[in-house]
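K.L.:
Below is the file input-v3.cif, with mmCIF, C-alpha atoms.
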```cif
data_coords
loop_
_atom_site.group_PDB
_atom_site.id
_atom_site.type_symbol
_atom_site.label_atom_id
_atom_site.label_comp_id
_atom_site.auth_asym_id
_atom_site.auth_seq_id
_atom_site.Cartn_x
_atom_site.Cartn_y
_atom_site.Cartn_z
ATOM 1 C CA MET Q 12 0.000 0.000 0.000
ATOM 2 C CA SER Q 13 1.436 3.385 -1.029
ATOM 3 C CA TYR Q 14 2.039 6.237 1.403
ATOM 4 C CA GLN Q 15 -0.699 8.320 -0.282
ATOM 5 C CA THR Q 16 -3.204 5.486 0.116
ATOM 6 C CA LYS Q 17 -2.357 5.067 3.787
ATOM 7 C CA ILE Q 18 -2.884 8.795 4.347
ATOM 8 C CA ALA Q 19 -6.207 8.566 2.486
ATOM 9 C CA PHE Q 20 -7.375 5.724 4.754
ATOM 10 C CA LEU Q 21 -6.278 7.796 7.772
ATOM 11 C CA PHE Q 22 -8.261 10.806 6.521
ATOM 12 C CA VAL Q 23 -11.395 8.696 6.060
ATOM 13 C CA ALA Q 24 -10.971 7.264 9.559
ATOM 14 C CA ILE Q 25 -10.457 10.736 11.079
ATOM 15 C CA GLY Q 26 -13.571 12.026 9.325
ATOM 16 C CA ALA Q 27 -15.653 9.109 10.563
ATOM 17 C CA SER Q 28 -14.263 9.511 14.090
ATOM 18 C CA LEU Q 29 -15.283 13.164 14.125
ATOM 19 C CA TRP Q 30 -18.767 12.112 13.015
ATOM 20 C CA GLY Q 31 -18.782 9.856 16.045
ATOM 21 C CA ILE Q 32 -18.675 12.778 18.494
ATOM 22 C CA ILE Q 33 -21.797 14.404 17.065
ATOM 23 C CA GLY Q 34 -23.896 12.957 19.882
ATOM 24 C CA TYR Q 35 -22.345 15.317 22.416
ATOM 25 C CA PHE Q 36 -23.490 18.454 20.576
ATOM 26 C CA VAL Q 37 -26.873 16.975 19.655
ATOM 27 C CA LYS Q 38 -27.586 16.039 23.283
ATOM 28 C CA GLU Q 39 -26.724 19.518 24.488
ATOM 29 C CA LEU Q 40 -28.860 21.268 21.863
ATOM 30 C CA ALA Q 41 -31.737 18.871 22.506
ATOM 31 C CA SER Q 42 -31.540 19.634 26.229
ATOM 32 C CA ILE Q 43 -31.954 23.318 25.387
ATOM 33 C CA GLY Q 44 -35.173 22.525 23.531
ATOM 34 C CA TYR Q 45 -34.406 22.138 19.830
ATOM 35 C CA SER Q 46 -36.137 19.426 17.805
ATOM 36 C CA PRO Q 47 -34.146 16.881 15.756
ATOM 37 C CA LEU Q 48 -34.870 18.585 12.420
ATOM 38 C CA GLN Q 49 -33.968 21.968 13.872
ATOM 39 C CA ILE Q 50 -30.639 20.557 15.062
ATOM 40 C CA VAL Q 51 -29.994 19.183 11.579
ATOM 41 C CA PHE Q 52 -30.689 22.628 10.121
ATOM 42 C CA LEU Q 53 -28.423 24.325 12.683
ATOM 43 C CA ARG Q 54 -25.706 21.867 11.701
ATOM 44 C CA ALA Q 55 -26.139 22.690 8.024
ATOM 45 C CA ILE Q 56 -26.164 26.479 8.383
ATOM 46 C CA SER Q 57 -23.219 26.446 10.802
ATOM 47 C CA ALA Q 58 -21.177 24.267 8.448
ATOM 48 C CA PHE Q 59 -22.138 26.465 5.491
ATOM 49 C CA ILE Q 60 -20.842 29.567 7.291
ATOM 50 C CA PHE Q 61 -17.578 27.887 8.318
ATOM 51 C CA PHE Q 62 -16.918 26.579 4.816
ATOM 52 C CA PHE Q 63 -17.699 29.985 3.302
ATOM 53 C CA ILE Q 64 -15.229 31.755 5.606
ATOM 54 C CA TRP Q 65 -12.598 29.070 4.983
ATOM 55 C CA ILE Q 66 -12.897 29.357 1.218
ATOM 56 C CA MET Q 67 -12.920 33.164 1.193
ATOM 57 C CA ILE Q 68 -9.675 33.223 3.183
ATOM 58 C CA TYR Q 69 -8.007 30.292 1.446
ATOM 59 C CA ARG Q 70 -9.072 30.616 -2.198
ATOM 60 C CA PRO Q 71 -12.317 32.358 -3.262
ATOM 61 C CA ALA Q 72 -12.037 30.830 -6.721
ATOM 62 C CA LEU Q 73 -13.157 27.517 -5.207
ATOM 63 C CA LEU Q 74 -16.702 28.879 -5.097
ATOM 64 C CA LYS Q 75 -16.896 28.628 -8.877
ATOM 65 C CA ILE Q 76 -18.735 25.624 -10.253
ATOM 66 C CA LYS Q 77 -20.456 24.786 -13.504
ATOM 67 C CA VAL Q 78 -24.240 24.916 -13.298
ATOM 68 C CA ARG Q 79 -24.525 21.577 -15.052
ATOM 69 C CA ASP Q 80 -22.548 19.985 -12.191
ATOM 70 C CA SER Q 81 -25.064 21.070 -9.559
ATOM 71 C CA TRP Q 82 -26.521 17.582 -9.524
ATOM 72 C CA TYR Q 83 -23.415 16.357 -7.673
ATOM 73 C CA PHE Q 84 -24.192 18.677 -4.768
ATOM 74 C CA PHE Q 85 -27.896 18.049 -4.938
ATOM 75 C CA GLY Q 86 -26.900 14.427 -4.433
ATOM 76 C CA THR Q 87 -24.576 15.016 -1.476
ATOM 77 C CA GLY Q 88 -26.629 17.768 0.156
ATOM 78 C CA VAL Q 89 -30.237 16.752 -0.462
ATOM 79 C CA LEU Q 90 -30.369 13.072 -1.395
ATOM 80 C CA SER Q 91 -27.712 12.180 1.179
ATOM 81 C CA VAL Q 92 -27.342 14.637 4.093
ATOM 82 C CA SER Q 93 -30.936 15.919 4.229
ATOM 83 C CA PHE Q 94 -32.680 12.698 3.227
ATOM 84 C CA PHE Q 95 -30.768 10.345 5.501
ATOM 85 C CA ASN Q 96 -31.212 12.622 8.515
ATOM 86 C CA TRP Q 97 -34.956 12.811 7.936
ATOM 87 C CA CYS Q 98 -35.207 9.042 7.526
ATOM 88 C CA TYR Q 99 -33.020 8.406 10.550
ATOM 89 C CA PHE Q 100 -35.045 10.580 12.912
ATOM 90 C CA THR Q 101 -38.308 9.133 11.576
ATOM 91 C CA THR Q 102 -37.018 5.613 12.257
ATOM 92 C CA ILE Q 103 -36.138 6.591 15.817
ATOM 93 C CA GLN Q 104 -39.738 7.711 16.320
ATOM 94 C CA HIS Q 105 -41.059 4.347 15.117
ATOM 95 C CA SER Q 106 -38.552 2.023 16.754
ATOM 96 C CA SER Q 107 -35.707 1.901 19.242
ATOM 97 C CA LEU Q 108 -32.363 3.660 18.897
ATOM 98 C CA ALA Q 109 -30.628 0.298 18.536
ATOM 99 C CA ILE Q 110 -32.776 -0.774 15.593
ATOM 100 C CA ALA Q 111 -32.447 2.656 13.938
ATOM 101 C CA ALA Q 112 -28.655 2.473 14.253
ATOM 102 C CA ILE Q 113 -28.449 -0.999 12.756
ATOM 103 C CA LEU Q 114 -30.611 -0.038 9.781
ATOM 104 C CA LEU Q 115 -28.503 3.111 9.244
ATOM 105 C CA TYR Q 116 -25.343 1.043 9.027
ATOM 106 C CA THR Q 117 -26.632 -0.993 6.134
ATOM 107 C CA ALA Q 118 -24.998 1.880 4.181
ATOM 108 C CA PRO Q 119 -21.805 -0.058 3.277
ATOM 109 C CA VAL Q 120 -23.942 -2.724 1.599
ATOM 110 C CA PHE Q 121 -25.638 -0.081 -0.570
ATOM 111 C CA VAL Q 122 -22.281 1.555 -1.379
ATOM 112 C CA LEU Q 123 -20.743 -1.744 -2.406
ATOM 113 C CA LEU Q 124 -23.670 -2.644 -4.668
ATOM 114 C CA ILE Q 125 -23.892 0.822 -6.263
ATOM 115 C CA SER Q 126 -20.104 1.021 -6.736
ATOM 116 C CA ILE Q 127 -20.147 -2.181 -8.776
ATOM 117 C CA PHE Q 128 -22.275 -0.445 -11.420
ATOM 118 C CA VAL Q 129 -21.125 3.191 -11.083
ATOM 119 C CA PHE Q 130 -17.374 2.809 -10.536
ATOM 120 C CA LYS Q 131 -16.987 -0.731 -11.940
ATOM 121 C CA GLU Q 132 -15.365 -1.801 -8.681
ATOM 122 C CA LYS Q 133 -14.669 -5.500 -8.251
ATOM 123 C CA LEU Q 134 -16.715 -7.526 -5.790
ATOM 124 C CA THR Q 135 -14.122 -9.556 -3.927
ATOM 125 C CA TRP Q 136 -14.369 -12.090 -1.124
ATOM 126 C CA GLN Q 137 -12.288 -9.689 0.953
ATOM 127 C CA LYS Q 138 -14.957 -6.978 0.646
ATOM 128 C CA LEU Q 139 -17.817 -9.395 1.283
ATOM 129 C CA THR Q 140 -16.110 -10.747 4.385
ATOM 130 C CA ALA Q 141 -15.356 -7.224 5.637
ATOM 131 C CA LEU Q 142 -18.978 -6.207 5.076
ATOM 132 C CA PHE Q 143 -20.269 -9.182 7.024
ATOM 133 C CA ILE Q 144 -17.873 -8.537 9.916
ATOM 134 C CA THR Q 145 -18.746 -4.817 9.889
ATOM 135 C CA PHE Q 146 -22.481 -5.461 9.961
ATOM 136 C CA LEU Q 147 -22.095 -7.996 12.757
ATOM 137 C CA GLY Q 148 -19.862 -5.590 14.689
ATOM 138 C CA CYS Q 149 -22.371 -2.743 14.347
ATOM 139 C CA MET Q 150 -25.088 -5.049 15.669
ATOM 140 C CA PHE Q 151 -22.983 -5.708 18.750
ATOM 141 C CA VAL Q 152 -22.014 -2.057 19.256
ATOM 142 C CA SER Q 153 -25.601 -0.797 18.930
ATOM 143 C CA GLY Q 154 -26.800 -3.248 21.579
ATOM 144 C CA ILE Q 155 -29.328 -4.736 19.187
ATOM 145 C CA PHE Q 156 -29.404 -8.025 21.062
ATOM 146 C CA SER Q 157 -31.082 -6.324 23.986
ATOM 147 C CA GLY Q 158 -33.734 -4.797 21.711
ATOM 148 C CA ASN Q 159 -37.048 -6.141 20.544
ATOM 149 C CA PHE Q 160 -37.659 -6.453 16.800
ATOM 150 C CA SER Q 161 -41.392 -6.818 17.385
ATOM 151 C CA GLU Q 162 -41.369 -3.064 18.044
ATOM 152 C CA LEU Q 163 -40.295 -2.334 14.459
ATOM 153 C CA SER Q 164 -43.150 -1.143 12.247
ATOM 154 C CA TRP Q 165 -43.163 -1.208 8.464
ATOM 155 C CA THR Q 166 -42.682 2.578 8.505
ATOM 156 C CA GLY Q 167 -39.645 2.191 10.737
ATOM 157 C CA LEU Q 168 -38.221 -0.562 8.541
ATOM 158 C CA ILE Q 169 -38.649 1.371 5.283
ATOM 159 C CA THR Q 170 -37.315 4.673 6.628
ATOM 160 C CA GLY Q 171 -34.494 2.837 8.391
ATOM 161 C CA LEU Q 172 -33.333 1.263 5.146
ATOM 162 C CA GLY Q 173 -33.862 4.672 3.517
ATOM 163 C CA ALA Q 174 -31.470 6.153 6.066
ATOM 164 C CA GLY Q 175 -28.856 3.548 5.180
ATOM 165 C CA PHE Q 176 -29.361 4.197 1.477
ATOM 166 C CA GLY Q 177 -29.197 7.987 1.912
ATOM 167 C CA TYR Q 178 -26.125 7.685 4.105
ATOM 168 C CA SER Q 179 -24.403 5.655 1.405
ATOM 169 C CA LEU Q 180 -25.056 8.231 -1.311
ATOM 170 C CA TYR Q 181 -22.473 10.672 0.040
ATOM 171 C CA SER Q 182 -19.724 8.199 -0.810
ATOM 172 C CA ILE Q 183 -21.131 7.826 -4.326
ATOM 173 C CA PHE Q 184 -21.812 11.471 -5.207
ATOM 174 C CA GLY Q 185 -18.749 12.647 -3.282
ATOM 175 C CA LYS Q 186 -16.556 10.289 -5.285
ATOM 176 C CA LEU Q 187 -17.998 11.557 -8.576
ATOM 177 C CA ALA Q 188 -17.674 15.210 -7.568
ATOM 178 C CA SER Q 189 -14.070 14.736 -6.382
ATOM 179 C CA LYS Q 190 -13.047 14.037 -9.984
ATOM 180 C CA LYS Q 191 -13.839 17.657 -10.903
ATOM 181 C CA TYR Q 192 -13.812 19.700 -7.707
ATOM 182 C CA GLU Q 193 -11.717 20.116 -4.598
ATOM 183 C CA THR Q 194 -12.897 18.969 -1.202
ATOM 184 C CA LEU Q 195 -13.785 22.451 0.073
ATOM 185 C CA THR Q 196 -15.965 23.136 -2.956
ATOM 186 C CA ILE Q 197 -17.844 19.858 -2.539
ATOM 187 C CA SER Q 198 -18.394 20.382 1.180
ATOM 188 C CA PHE Q 199 -19.508 24.010 0.793
ATOM 189 C CA TYR Q 200 -22.167 23.261 -1.814
ATOM 190 C CA THR Q 201 -23.265 20.101 0.006
ATOM 191 C CA PHE Q 202 -24.357 22.142 3.007
ATOM 192 C CA LEU Q 203 -25.659 25.024 0.923
ATOM 193 C CA PHE Q 204 -28.121 22.663 -0.756
ATOM 194 C CA ALA Q 205 -28.907 20.960 2.571
ATOM 195 C CA MET Q 206 -29.541 24.298 4.288
ATOM 196 C CA ILE Q 207 -31.892 25.489 1.547
ATOM 197 C CA VAL Q 208 -33.952 22.289 1.651
ATOM 198 C CA LEU Q 209 -34.057 21.980 5.444
ATOM 199 C CA PHE Q 210 -35.072 25.581 6.208
ATOM 200 C CA PRO Q 211 -38.760 25.359 5.228
ATOM 201 C CA ILE Q 212 -39.315 21.948 6.888
ATOM 202 C CA SER Q 213 -37.320 22.418 10.100
ATOM 203 C CA GLY Q 214 -39.651 24.975 11.677
ATOM 204 C CA ILE Q 215 -36.624 26.912 12.895
ATOM 205 C CA TYR Q 216 -38.427 30.158 12.088
ATOM 206 C CA SER Q 217 -41.496 29.219 14.165
ATOM 207 C CA SER Q 218 -42.530 31.411 17.084
ATOM 208 C CA GLU Q 219 -42.356 28.294 19.270
ATOM 209 C CA THR Q 220 -38.627 27.888 18.665
ATOM 210 C CA VAL Q 221 -36.545 28.305 21.821
ATOM 211 C CA ALA Q 222 -34.365 31.393 22.236
ATOM 212 C CA PHE Q 223 -30.959 31.235 20.598
ATOM 213 C CA ASP Q 224 -28.654 32.140 23.499
ATOM 214 C CA ALA Q 225 -24.873 32.004 24.028
ATOM 215 C CA HIS Q 226 -24.952 28.314 24.967
ATOM 216 C CA ALA Q 227 -26.932 27.411 21.859
ATOM 217 C CA LEU Q 228 -24.520 29.436 19.722
ATOM 218 C CA ALA Q 229 -21.495 27.693 21.210
ATOM 219 C CA TYR Q 230 -22.925 24.198 20.699
ATOM 220 C CA THR Q 231 -24.110 25.071 17.187
ATOM 221 C CA ALA Q 232 -20.637 26.335 16.301
ATOM 222 C CA GLY Q 233 -19.072 23.178 17.711
ATOM 223 C CA LEU Q 234 -21.575 21.015 15.837
ATOM 224 C CA GLY Q 235 -20.805 22.800 12.594
ATOM 225 C CA LEU Q 236 -17.027 22.736 13.021
ATOM 226 C CA PHE Q 237 -15.926 19.392 14.470
ATOM 227 C CA PRO Q 238 -18.359 16.613 13.445
ATOM 228 C CA THR Q 239 -19.321 18.464 10.265
ATOM 229 C CA VAL Q 240 -16.796 20.796 8.587
ATOM 230 C CA LEU Q 241 -13.657 18.944 9.627
ATOM 231 C CA ALA Q 242 -15.330 15.532 9.386
ATOM 232 C CA TYR Q 243 -16.599 16.021 5.839
ATOM 233 C CA TRP Q 244 -13.321 17.623 4.728
ATOM 234 C CA PHE Q 245 -11.236 14.677 5.930
ATOM 235 C CA TYR Q 246 -13.682 12.099 4.587
ATOM 236 C CA THR Q 247 -14.074 13.698 1.146
ATOM 237 C CA GLN Q 248 -10.320 14.232 0.884
ATOM 238 C CA GLY Q 249 -9.768 10.561 1.625
ATOM 239 C CA LEU Q 250 -12.264 9.533 -1.072
ATOM 240 C CA LYS Q 251 -9.824 10.787 -3.714
ATOM 241 C CA GLN Q 252 -7.510 7.833 -3.067
ATOM 242 C CA VAL Q 253 -9.837 5.205 -1.580
ATOM 243 C CA GLU Q 254 -12.556 3.157 -3.299
ATOM 244 C CA ALA Q 255 -16.023 4.312 -2.249
ATOM 245 C CA SER Q 256 -16.956 0.865 -0.931
ATOM 246 C CA LYS Q 257 -13.839 0.660 1.236
ATOM 247 C CA ALA Q 258 -14.249 4.235 2.490
ATOM 248 C CA SER Q 259 -17.804 3.431 3.553
ATOM 249 C CA ILE Q 260 -16.623 0.399 5.513
ATOM 250 C CA VAL Q 261 -13.880 2.424 7.221
ATOM 251 C CA SER Q 262 -16.485 5.052 8.132
ATOM 252 C CA THR Q 263 -18.239 2.509 10.351
ATOM 253 C CA VAL Q 264 -15.683 3.312 13.050
ATOM 254 C CA GLU Q 265 -18.156 6.122 13.795
ATOM 255 C CA PRO Q 266 -20.384 4.024 16.103
ATOM 256 C CA VAL Q 267 -17.250 2.719 17.791
ATOM 257 C CA VAL Q 268 -16.121 6.270 18.576
ATOM 258 C CA ALA Q 269 -19.629 7.178 19.707
ATOM 259 C CA THR Q 270 -19.636 4.228 22.105
ATOM 260 C CA VAL Q 271 -16.244 5.153 23.564
ATOM 261 C CA MET Q 272 -17.330 8.797 23.923
ATOM 262 C CA GLY Q 273 -20.462 7.729 25.763
ATOM 263 C CA LEU Q 274 -18.319 5.650 28.107
ATOM 264 C CA LEU Q 275 -15.830 8.423 28.873
ATOM 265 C CA LEU Q 276 -18.015 11.553 28.862
ATOM 266 C CA PHE Q 277 -21.464 10.341 29.842
ATOM 267 C CA LYS Q 278 -20.411 7.358 31.988
ATOM 268 C CA GLU Q 279 -22.498 5.010 29.866
ATOM 269 C CA SER Q 280 -21.868 1.338 30.464
ATOM 270 C CA VAL Q 281 -20.311 -0.807 27.750
ATOM 271 C CA SER Q 282 -21.089 -4.493 27.754
ATOM 272 C CA PHE Q 283 -18.832 -7.337 26.711
ATOM 273 C CA ILE Q 284 -20.909 -7.703 23.539
ATOM 274 C CA GLN Q 285 -20.310 -4.038 22.626
ATOM 275 C CA ILE Q 286 -16.569 -4.427 23.205
ATOM 276 C CA THR Q 287 -16.678 -7.438 20.894
ATOM 277 C CA GLY Q 288 -18.455 -5.277 18.295
ATOM 278 C CA ILE Q 289 -15.772 -2.589 18.553
ATOM 279 C CA LEU Q 290 -13.069 -5.182 17.899
ATOM 280 C CA LEU Q 291 -15.024 -6.617 14.951
ATOM 281 C CA VAL Q 292 -15.436 -3.205 13.294
ATOM 282 C CA LEU Q 293 -11.761 -2.380 13.754
ATOM 283 C CA GLY Q 294 -10.877 -5.824 12.398
ATOM 284 C CA ALA Q 295 -12.978 -5.206 9.281
ATOM 285 C CA VAL Q 296 -11.211 -1.873 8.725
ATOM 286 C CA LEU Q 297 -7.835 -3.619 8.823
ATOM 287 C CA LEU Q 298 -9.081 -6.417 6.566
ATOM 288 C CA ILE Q 299 -9.979 -4.186 3.621
ATOM 289 C CA GLN Q 300 -6.612 -2.452 3.540
ATOM 290 C CA GLU Q 301 -4.889 -4.183 0.695
ATOM 291 C CA ARG Q 302 -1.345 -5.043 1.511
ATOM 292 C CA LYS Q 303 1.301 -5.377 -1.128
ATOM 293 C CA LYS Q 304 2.415 -8.888 -1.687
ATOM 294 C CA LYS Q 305 6.018 -9.450 -0.777
ATOM 295 C CA THR Q 306 8.166 -9.442 -3.867
ATOM 296 C CA VAL Q 307 9.818 -12.760 -4.530
ATOM 297 C CA MET Q 308 13.528 -12.039 -4.695
ATOM 298 C CA ASP Q 309 16.346 -14.170 -5.955
ATOM 299 C CA ALA Q 310 15.563 -17.849 -5.431
ATOM 300 C CA SER Q 311 18.922 -18.325 -3.803
ATOM 301 C CA LEU Q 312 18.025 -15.948 -0.934
#
```
Let me see the structure of the file written as structure tokens.

P.N.:
Amino acid sequence: MSYQTKIAFLFVAIGASLWGIIGYFVKELASIGYSPLQIVFLRAISAFIFFFIWIMIYRPALLKIKVRDSWYFFGTGVLSVSFFNWCYFTTIQHSSLAIAAILLYTAPVFVLLISIFVFKEKLTWQKLTALFITFLGCMFVSGIFSGNFSELSWTGLITGLGAGFGYSLYSIFGKLASKKYETLTISFYTFLFAMIVLFPISGIYSSETVAFDAHALAYTAGLGLFPTVLAYWFYTQGLKQVEASKASIVSTVEPVVATVMGLLLFKESVSFIQITGILLVLGAVLLIQERKKKTVMDASL
């Protein structure tokens, strides 16, 4: 594996890890009184502002795109970010958090299947094995074995799979967009499109919305910067050197990070089964990293 590829895998892992800390900011904003959709909108507008400032300081020319390429960002911002968040929160309302999480992490399966047709990626036993281990690991980490599948309605099942599908689309559209545009451009327009779509449905402008005080501003800024701006930048940057299917599998370290964060910051208990899931997910990440075969040297050596 080349040095550039190793760095790309590291970037994808860093991005996914930053996604894993999103729960901290979401919990704090929810405790203030914001609804799930309002938090998603606050995330989008905060990220949009940060990306805009970054680009204006770094290189304003990155704001230029061709109108005919807008469909890339409609894909990442609306079909992926906005759609998967809506599906995910709907699933939570119709089932348990454990079931919603497991359905969300069907994303690597969708990425693998779509990548076969879009990017002509090869379906290898290595990928299939890694996918199986990842899915099993996510089941353990989410605590699904303590849940009750009888609580899952058809609405929850359909929106849950929709969340997984929407989540997977960022890898697909992000990979396509990265062939023409730099990471900052992709991220900026992703959240511009997401912000525009989420504004009318979030109810953030409603008179019933809680006051936006200093605490809300601080948590919104943190939500937009760490698990959003930096996370998407690292992940999209990594996609330039990593196959979309592999990047999606690496990104499943997110629930692992979320579990560890819950243990350290919120004193949540972690069972033996969840620890086993963490090890399985990390094992799958290592499995998909292709290693160069040792070169056979002189037969006399």

K.L.:
Given all atoms listed in the file as the basis, pick out the residue of Q:Phe85, Q:Phe283, Q:Phe199, Q:Phe100 nearest to Gly235 (chain Q).

P.N.:
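Of all the options, Q:Phe199 lies closest to Gly235 (chain Q).
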
K.L.:
Which is closest to Tyr243 (chain Q) among Q:Ile183, Q:Ala225, Q:Ile284, Q:Ile25, if we use all atoms listed in the file?

P.N.:
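Smallest separation from Tyr243 (chain Q) among the options: Q:Ile25.
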
K.L.:
Please enumerate the residues selected by the PyMOL selection byres ((chain Q and resi 75) around 12) when evaluated against the supplied file, formatted as a PyMOL selection string.

P.N.:
chain Q and resi 66-67+70-74+76-78+80-81+191-193+195-197+199-200

K.L.:
As an exercise, work out the distance from CA of Ala41 (chain Q) to CA of Tyr116 (chain Q) in Å and give it to one decimal place.

P.N.:
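Pair CA of Ala41 (chain Q) / CA of Tyr116 (chain Q) returns 23.2 Å.
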
K.L.:
Residues within 12 Å of (-22.3, 27.7, 9.4), file coordinates, counting all atoms listed in the file: what are they? Give the list as a PDB file with C-alpha atoms, keeping the file's coordinate frame.

P.N.:
```
ATOM      1  CA  VAL Q  51     -29.994  19.183  11.579  1.00  0.00           C
ATOM      2  CA  PHE Q  52     -30.689  22.628  10.121  1.00  0.00           C
ATOM      3  CA  LEU Q  53     -28.423  24.325  12.683  1.00  0.00           C
ATOM      4  CA  ARG Q  54     -25.706  21.867  11.701  1.00  0.00           C
ATOM      5  CA  ALA Q  55     -26.139  22.690   8.024  1.00  0.00           C
ATOM      6  CA  ILE Q  56     -26.164  26.479   8.383  1.00  0.00           C
ATOM      7  CA  SER Q  57     -23.219  26.446  10.802  1.00  0.00           C
ATOM      8  CA  ALA Q  58     -21.177  24.267   8.448  1.00  0.00           C
ATOM      9  CA  PHE Q  59     -22.138  26.465   5.491  1.00  0.00           C
ATOM     10  CA  ILE Q  60     -20.842  29.567   7.291  1.00  0.00           C
ATOM     11  CA  PHE Q  61     -17.578  27.887   8.318  1.00  0.00           C
ATOM     12  CA  PHE Q  62     -16.918  26.579   4.816  1.00  0.00           C
ATOM     13  CA  PHE Q  63     -17.699  29.985   3.302  1.00  0.00           C
ATOM     14  CA  ILE Q  64     -15.229  31.755   5.606  1.00  0.00           C
ATOM     15  CA  TRP Q  65     -12.598  29.070   4.983  1.00  0.00           C
ATOM     16  CA  SER Q 198     -18.394  20.382   1.180  1.00  0.00           C
ATOM     17  CA  PHE Q 199     -19.508  24.010   0.793  1.00  0.00           C
ATOM     18  CA  PHE Q 202     -24.357  22.142   3.007  1.00  0.00           C
ATOM     19  CA  LEU Q 203     -25.659  25.024   0.923  1.00  0.00           C
ATOM     20  CA  ALA Q 205     -28.907  20.960   2.571  1.00  0.00           C
ATOM     21  CA  MET Q 206     -29.541  24.298   4.288  1.00  0.00           C
ATOM     22  CA  LEU Q 228     -24.520  29.436  19.722  1.00  0.00           C
ATOM     23  CA  ALA Q 229     -21.495  27.693  21.210  1.00  0.00           C
ATOM     24  CA  TYR Q 230     -22.925  24.198  20.699  1.00  0.00           C
ATOM     25  CA  THR Q 231     -24.110  25.071  17.187  1.00  0.00           C
ATOM     26  CA  ALA Q 232     -20.637  26.335  16.301  1.00  0.00           C
ATOM     27  CA  GLY Q 233     -19.072  23.178  17.711  1.00  0.00           C
ATOM     28  CA  LEU Q 234     -21.575  21.015  15.837  1.00  0.00           C
ATOM     29  CA  GLY Q 235     -20.805  22.800  12.594  1.00  0.00           C
ATOM     30  CA  LEU Q 236     -17.027  22.736  13.021  1.00  0.00           C
ATOM     31  CA  PHE Q 237     -15.926  19.392  14.470  1.00  0.00           C
ATOM     32  CA  THR Q 239     -19.321  18.464  10.265  1.00  0.00           C
ATOM     33  CA  VAL Q 240     -16.796  20.796   8.587  1.00  0.00           C
TER      34      VAL Q 240
END
```

K.L.:
Rank Q:Thr140, Q:Ser259, Q:Thr101, Q:Thr201 by their smallest atom-to-atom distance to Val89 (chain Q), using all atoms listed in the file, and report the top residue only.

P.N.:
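Selected residue with least distance to Val89 (chain Q): Q:Thr201.
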
K.L.:
Would you compute the box with edges along x, y and z of the file around region 203-209 of chain Q, including every atom the file lists for it and 8 Å extra on each side, and give its centre and edge lengths in Å to one decimal, as lines of an AutoDock Vina configuration file?

P.N.:
```
center_x = -29.9
center_y = 23.2
center_z = 2.3
size_x = 24.4
size_y = 20.5
size_z = 22.2
```

K.L.:
Tell me, in Å to one decimal, how far CA of Gln49 (chain Q) is from CA of Ala269 (chain Q).

P.N.:
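It comes out at 21.4 Å.
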
K.L.:
Have a look at CA of Gly171 (chain Q) and CA of Phe130 (chain Q) and let me know their distance in Å, one decimal.

P.N.:
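These two atoms are separated by 25.5 Å.
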
K.L.:
Hey, which of Q:Gly44, Q:Gly185, Q:Gly249, Q:Gly167 ends up closest to Thr102 (chain Q)? Count only C-alpha atoms.

P.N.:
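Comparing Q:Gly44, Q:Gly185, Q:Gly249, Q:Gly167 against Thr102 (chain Q), the winner is Q:Gly167.
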
K.L.:
Hey, what comes out of the PyMOL selection byres ((chain Q and resi 215) around 12) on this file? Could you write it as a PyMOL selection string?

P.N.:
chain Q and resi 44-53+56+206+209-214+216-223

K.L.:
How would the residues just picked look written out with C-alpha atoms as a PDB file, in the frame of the given file?

P.N.:
```
ATOM      1  CA  GLY Q  44     -35.173  22.525  23.531  1.00  0.00           C
ATOM      2  CA  TYR Q  45     -34.406  22.138  19.830  1.00  0.00           C
ATOM      3  CA  SER Q  46     -36.137  19.426  17.805  1.00  0.00           C
ATOM      4  CA  PRO Q  47     -34.146  16.881  15.756  1.00  0.00           C
ATOM      5  CA  LEU Q  48     -34.870  18.585  12.420  1.00  0.00           C
ATOM      6  CA  GLN Q  49     -33.968  21.968  13.872  1.00  0.00           C
ATOM      7  CA  ILE Q  50     -30.639  20.557  15.062  1.00  0.00           C
ATOM      8  CA  VAL Q  51     -29.994  19.183  11.579  1.00  0.00           C
ATOM      9  CA  PHE Q  52     -30.689  22.628  10.121  1.00  0.00           C
ATOM     10  CA  LEU Q  53     -28.423  24.325  12.683  1.00  0.00           C
ATOM     11  CA  ILE Q  56     -26.164  26.479   8.383  1.00  0.00           C
ATOM     12  CA  MET Q 206     -29.541  24.298   4.288  1.00  0.00           C
ATOM     13  CA  LEU Q 209     -34.057  21.980   5.444  1.00  0.00           C
ATOM     14  CA  PHE Q 210     -35.072  25.581   6.208  1.00  0.00           C
ATOM     15  CA  PRO Q 211     -38.760  25.359   5.228  1.00  0.00           C
ATOM     16  CA  ILE Q 212     -39.315  21.948   6.888  1.00  0.00           C
ATOM     17  CA  SER Q 213     -37.320  22.418  10.100  1.00  0.00           C
ATOM     18  CA  GLY Q 214     -39.651  24.975  11.677  1.00  0.00           C
ATOM     19  CA  TYR Q 216     -38.427  30.158  12.088  1.00  0.00           C
ATOM     20  CA  SER Q 217     -41.496  29.219  14.165  1.00  0.00           C
ATOM     21  CA  SER Q 218     -42.530  31.411  17.084  1.00  0.00           C
ATOM     22  CA  GLU Q 219     -42.356  28.294  19.270  1.00  0.00           C
ATOM     23  CA  THR Q 220     -38.627  27.888  18.665  1.00  0.00           C
ATOM     24  CA  VAL Q 221     -36.545  28.305  21.821  1.00  0.00           C
ATOM     25  CA  ALA Q 222     -34.365  31.393  22.236  1.00  0.00           C
ATOM     26  CA  PHE Q 223     -30.959  31.235  20.598  1.00  0.00           C
TER      27      PHE Q 223
END
```
